[in-house]
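Student: Here's a structure for you.
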Amino acid sequence: MNPRTATVSEQLRVDPAIRAMRVLTGSYLALSVLTLGAIFLFRDNPSMVTDVVWVRATIVAASALLTFLFAARAARGSKRALLRLRIVSAVMTVAIIVIVSIPGFLPLWIRLEQGVCGLLLLAVVVLANGRHVRSLFA
């Protein structure tokens, strides 16, 4: 690794916006995994856990893992990872807004969990698309 790369990588690692994106995506991943655990525990309660809940939670957990990995790679200086993070976080935020707004589609507890996930991702979208973060990767 050349000295320039090490310097840029170190700057990114300690940058507050990059750190915040890593914390937000880590929180999104943790919440998604905990939700899958709760779904497993309540799997015999059809009012709390439906087939749609299983599918949705699995998709969300997979996207949470991707966003976390993209944020970690972006923190090491990968422009492509930042681009992927920007795309996935924006798409998932829109998908969450749409799905949560459909009446009766999901049980209330999942809608609330999805709302929290949406807020975490919205913060990632704002940071990742902000002038400061984009300037770090210019």
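Every chain in the structure tokens takes a letter, A first, then B, and so on in the order presented; its residues are numbered from 1, and the ligands are numbered from 1 following the presented order.
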Enumerate as a VMD selection string all residues of chain A assigned to alpha helix (DSSP H) by DSSP on the backbone, naming them with the chain letters and numbers the document uses.

Tutor: chain A and resid 3 to 14 16 to 41 51 to 75 79 to 101 108 to 128 131 to 136

Student: Enumerate, in order of chain and increasing residue number, the residues of segment 41-66 of chain A with an atom no farther than 12 Å from segment 81-100 of chain A, each with its shortest atom pair and distance in Å to one decimal, counting only C-alpha atoms, as JSON lines.

Tutor:
{"residue": "A:Val52", "atom": "CA", "partner": "A:Ile99", "partner_atom": "CA", "distance": 11.0}
{"residue": "A:Val53", "atom": "CA", "partner": "A:Ile99", "partner_atom": "CA", "distance": 11.3}
{"residue": "A:Arg56", "atom": "CA", "partner": "A:Ile99", "partner_atom": "CA", "distance": 9.5}
{"residue": "A:Ala57", "atom": "CA", "partner": "A:Ile96", "partner_atom": "CA", "distance": 11.3}
{"residue": "A:Ile59", "atom": "CA", "partner": "A:Met92", "partner_atom": "CA", "distance": 9.9}
{"residue": "A:Val60", "atom": "CA", "partner": "A:Met92", "partner_atom": "CA", "distance": 8.2}
{"residue": "A:Ala61", "atom": "CA", "partner": "A:Met92", "partner_atom": "CA", "distance": 11.2}
{"residue": "A:Ala62", "atom": "CA", "partner": "A:Val88", "partner_atom": "CA", "distance": 11.1}
{"residue": "A:Ser63", "atom": "CA", "partner": "A:Val88", "partner_atom": "CA", "distance": 7.5}
{"residue": "A:Ala64", "atom": "CA", "partner": "A:Ser89", "partner_atom": "CA", "distance": 9.0}
{"residue": "A:Leu65", "atom": "CA", "partner": "A:Val88", "partner_atom": "CA", "distance": 10.9}
{"residue": "A:Leu66", "atom": "CA", "partner": "A:Leu85", "partner_atom": "CA", "distance": 8.1}

Student: For the residues in the current selection, export all heavy atoms as a CSV table (one decimal), in the first residue's frame.

Tutor:
chain,number,residue,atom,x,y,z
A,52,VAL,N,-45.5,-13.4,4.7
A,52,VAL,CA,-45.0,-12.1,4.2
A,52,VAL,C,-43.9,-11.5,5.1
A,52,VAL,O,-42.9,-11.0,4.7
A,52,VAL,CB,-46.1,-11.1,4.0
A,52,VAL,CG1,-45.6,-9.7,3.7
A,52,VAL,CG2,-47.1,-11.5,2.9
A,53,VAL,N,-44.1,-11.7,6.4
A,53,VAL,CA,-43.2,-11.2,7.4
A,53,VAL,C,-41.9,-11.9,7.3
A,53,VAL,O,-40.8,-11.3,7.3
A,53,VAL,CB,-43.8,-11.4,8.9
A,53,VAL,CG1,-42.7,-11.1,9.9
A,53,VAL,CG2,-44.9,-10.4,9.1
A,56,ARG,N,-40.2,-10.7,4.0
A,56,ARG,CA,-39.8,-9.3,4.1
A,56,ARG,C,-38.5,-9.2,5.0
A,56,ARG,O,-37.6,-8.5,4.7
A,56,ARG,CB,-40.9,-8.4,4.6
A,56,ARG,CG,-40.6,-7.0,4.8
A,56,ARG,CD,-40.4,-6.3,3.5
A,56,ARG,NE,-39.8,-4.9,3.8
A,56,ARG,CZ,-39.0,-4.3,3.0
A,56,ARG,NH1,-38.7,-4.9,1.8
A,56,ARG,NH2,-38.5,-3.2,3.2
A,57,ALA,N,-38.6,-9.8,6.2
A,57,ALA,CA,-37.5,-9.8,7.1
A,57,ALA,C,-36.2,-10.4,6.6
A,57,ALA,O,-35.1,-9.9,6.8
A,57,ALA,CB,-37.9,-10.5,8.4
A,59,ILE,N,-35.4,-10.4,3.3
A,59,ILE,CA,-34.9,-9.5,2.3
A,59,ILE,C,-34.2,-8.3,3.1
A,59,ILE,O,-33.1,-7.9,2.6
A,59,ILE,CB,-36.0,-9.0,1.4
A,59,ILE,CG1,-36.5,-10.1,0.5
A,59,ILE,CG2,-35.6,-7.8,0.6
A,59,ILE,CD1,-37.8,-9.8,-0.2
A,60,VAL,N,-34.8,-7.8,4.1
A,60,VAL,CA,-34.3,-6.7,4.8
A,60,VAL,C,-32.9,-7.1,5.5
A,60,VAL,O,-32.0,-6.3,5.5
A,60,VAL,CB,-35.3,-6.2,5.9
A,60,VAL,CG1,-34.6,-5.2,6.8
A,60,VAL,CG2,-36.4,-5.5,5.2
A,61,ALA,N,-32.8,-8.3,6.1
A,61,ALA,CA,-31.6,-8.7,6.7
A,61,ALA,C,-30.5,-8.8,5.6
A,61,ALA,O,-29.3,-8.4,5.9
A,61,ALA,CB,-31.8,-10.0,7.4
A,62,ALA,N,-30.8,-9.3,4.5
A,62,ALA,CA,-29.8,-9.4,3.4
A,62,ALA,C,-29.3,-8.0,2.9
A,62,ALA,O,-28.1,-7.8,2.8
A,62,ALA,CB,-30.4,-10.2,2.2
A,63,SER,N,-30.3,-7.1,2.8
A,63,SER,CA,-29.9,-5.8,2.4
A,63,SER,C,-29.1,-5.1,3.5
A,63,SER,O,-28.2,-4.3,3.2
A,63,SER,CB,-31.1,-4.9,2.0
A,63,SER,OG,-31.8,-4.5,3.1
A,64,ALA,N,-29.4,-5.4,4.7
A,64,ALA,CA,-28.7,-4.8,5.9
A,64,ALA,C,-27.3,-5.3,5.9
A,64,ALA,O,-26.3,-4.5,6.1
A,64,ALA,CB,-29.4,-5.1,7.2
A,65,LEU,N,-27.1,-6.5,5.6
A,65,LEU,CA,-25.7,-7.0,5.5
A,65,LEU,C,-24.9,-6.4,4.4
A,65,LEU,O,-23.8,-5.9,4.5
A,65,LEU,CB,-25.7,-8.6,5.3
A,65,LEU,CG,-24.3,-9.2,5.1
A,65,LEU,CD1,-23.5,-9.0,6.4
A,65,LEU,CD2,-24.5,-10.7,4.9
A,66,LEU,N,-25.6,-6.2,3.2
A,66,LEU,CA,-24.9,-5.5,2.1
A,66,LEU,C,-24.6,-4.1,2.4
A,66,LEU,O,-23.5,-3.6,2.2
A,66,LEU,CB,-25.8,-5.6,0.8
A,66,LEU,CG,-25.9,-6.9,0.1
A,66,LEU,CD1,-27.0,-6.8,-1.0
A,66,LEU,CD2,-24.6,-7.3,-0.4

Student: Find the residues around segment 125-133 of chain A up to 7 Å (only C-alpha atoms counted), leave out those fewer than 2 positions away in its own chain, and share them as a VMD selection string.

Tutor: chain A and resid 17 86 89 to 90 121 to 123 135 to 137

Student: Could you tell me which of A:Gly104, A:Arg80, A:Ala75, A:Asp44 comes closest to Val23 of chain A if we count only C-alpha atoms?

Tutor: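 Selected residue with least distance to Val23 of chain A: A:Ala75.
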
Student: Find the distance between atom CA of Ser27 of chain A and atom CA of Asp51 of chain A and write it in Å to one decimal.

Tutor: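 Result for atom CA of Ser27 of chain A versus atom CA of Asp51 of chain A: 24.7 Å, one decimal.
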
Student: Using only C-alpha atoms, what does the table of segment 68-90 of chain A residues within 10 Å of segment 11-15 of chain A look like, with each row giving the shortest atom pair and its distance in Å to one decimal, sorted by chain and ascending number, as a Markdown table?

Tutor:
| residue | atom | partner | partner_atom | distance |
| --- | --- | --- | --- | --- |
| A:Ala72 | CA | A:Arg13 | CA | 9.2 |
| A:Ala74 | CA | A:Leu12 | CA | 8.3 |
| A:Ala75 | CA | A:Leu12 | CA | 5.4 |
| A:Arg76 | CA | A:Leu12 | CA | 6.7 |
| A:Gly77 | CA | A:Leu12 | CA | 6.8 |

Student: Save the residues we just selected, C-alpha atoms, as a compact mmCIF listing (two decimals), in the first residue's frame?

Tutor:
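Saved file result.txt follows:
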# COMPACT_ATOMS: atom_id res chain seq x y z
CA ALA A 72 -17.10 -0.79 5.69
CA ALA A 74 -16.31 2.78 1.64
CA ALA A 75 -14.57 3.57 4.92
CA ARG A 76 -11.47 1.97 3.43
CA GLY A 77 -11.67 4.26 0.40

Student: Nearest to Thr35 of chain A: which of A:Val55, A:Ile110, A:Ala138, A:Ala71 is it, counting only C-alpha atoms?

Tutor: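 Nearest candidate to Thr35 of chain A out of A:Val55, A:Ile110, A:Ala138, A:Ala71: A:Ile110.
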
Student: Which distance in Å separates atom CA of Leu24 of chain A and atom CA of Cys117 of chain A, to one decimal?

Tutor: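 Between atom CA of Leu24 of chain A and atom CA of Cys117 of chain A the gap works out to 9.4 Å.
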
Student: Tell me which of A:Phe68, A:Trp54, A:Val116, A:Val33 sits closest to Arg19 of chain A, counting only C-alpha atoms.

Tutor: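 When distances to Arg19 of chain A are compared using only C-alpha atoms, the smallest one comes from A:Phe68.
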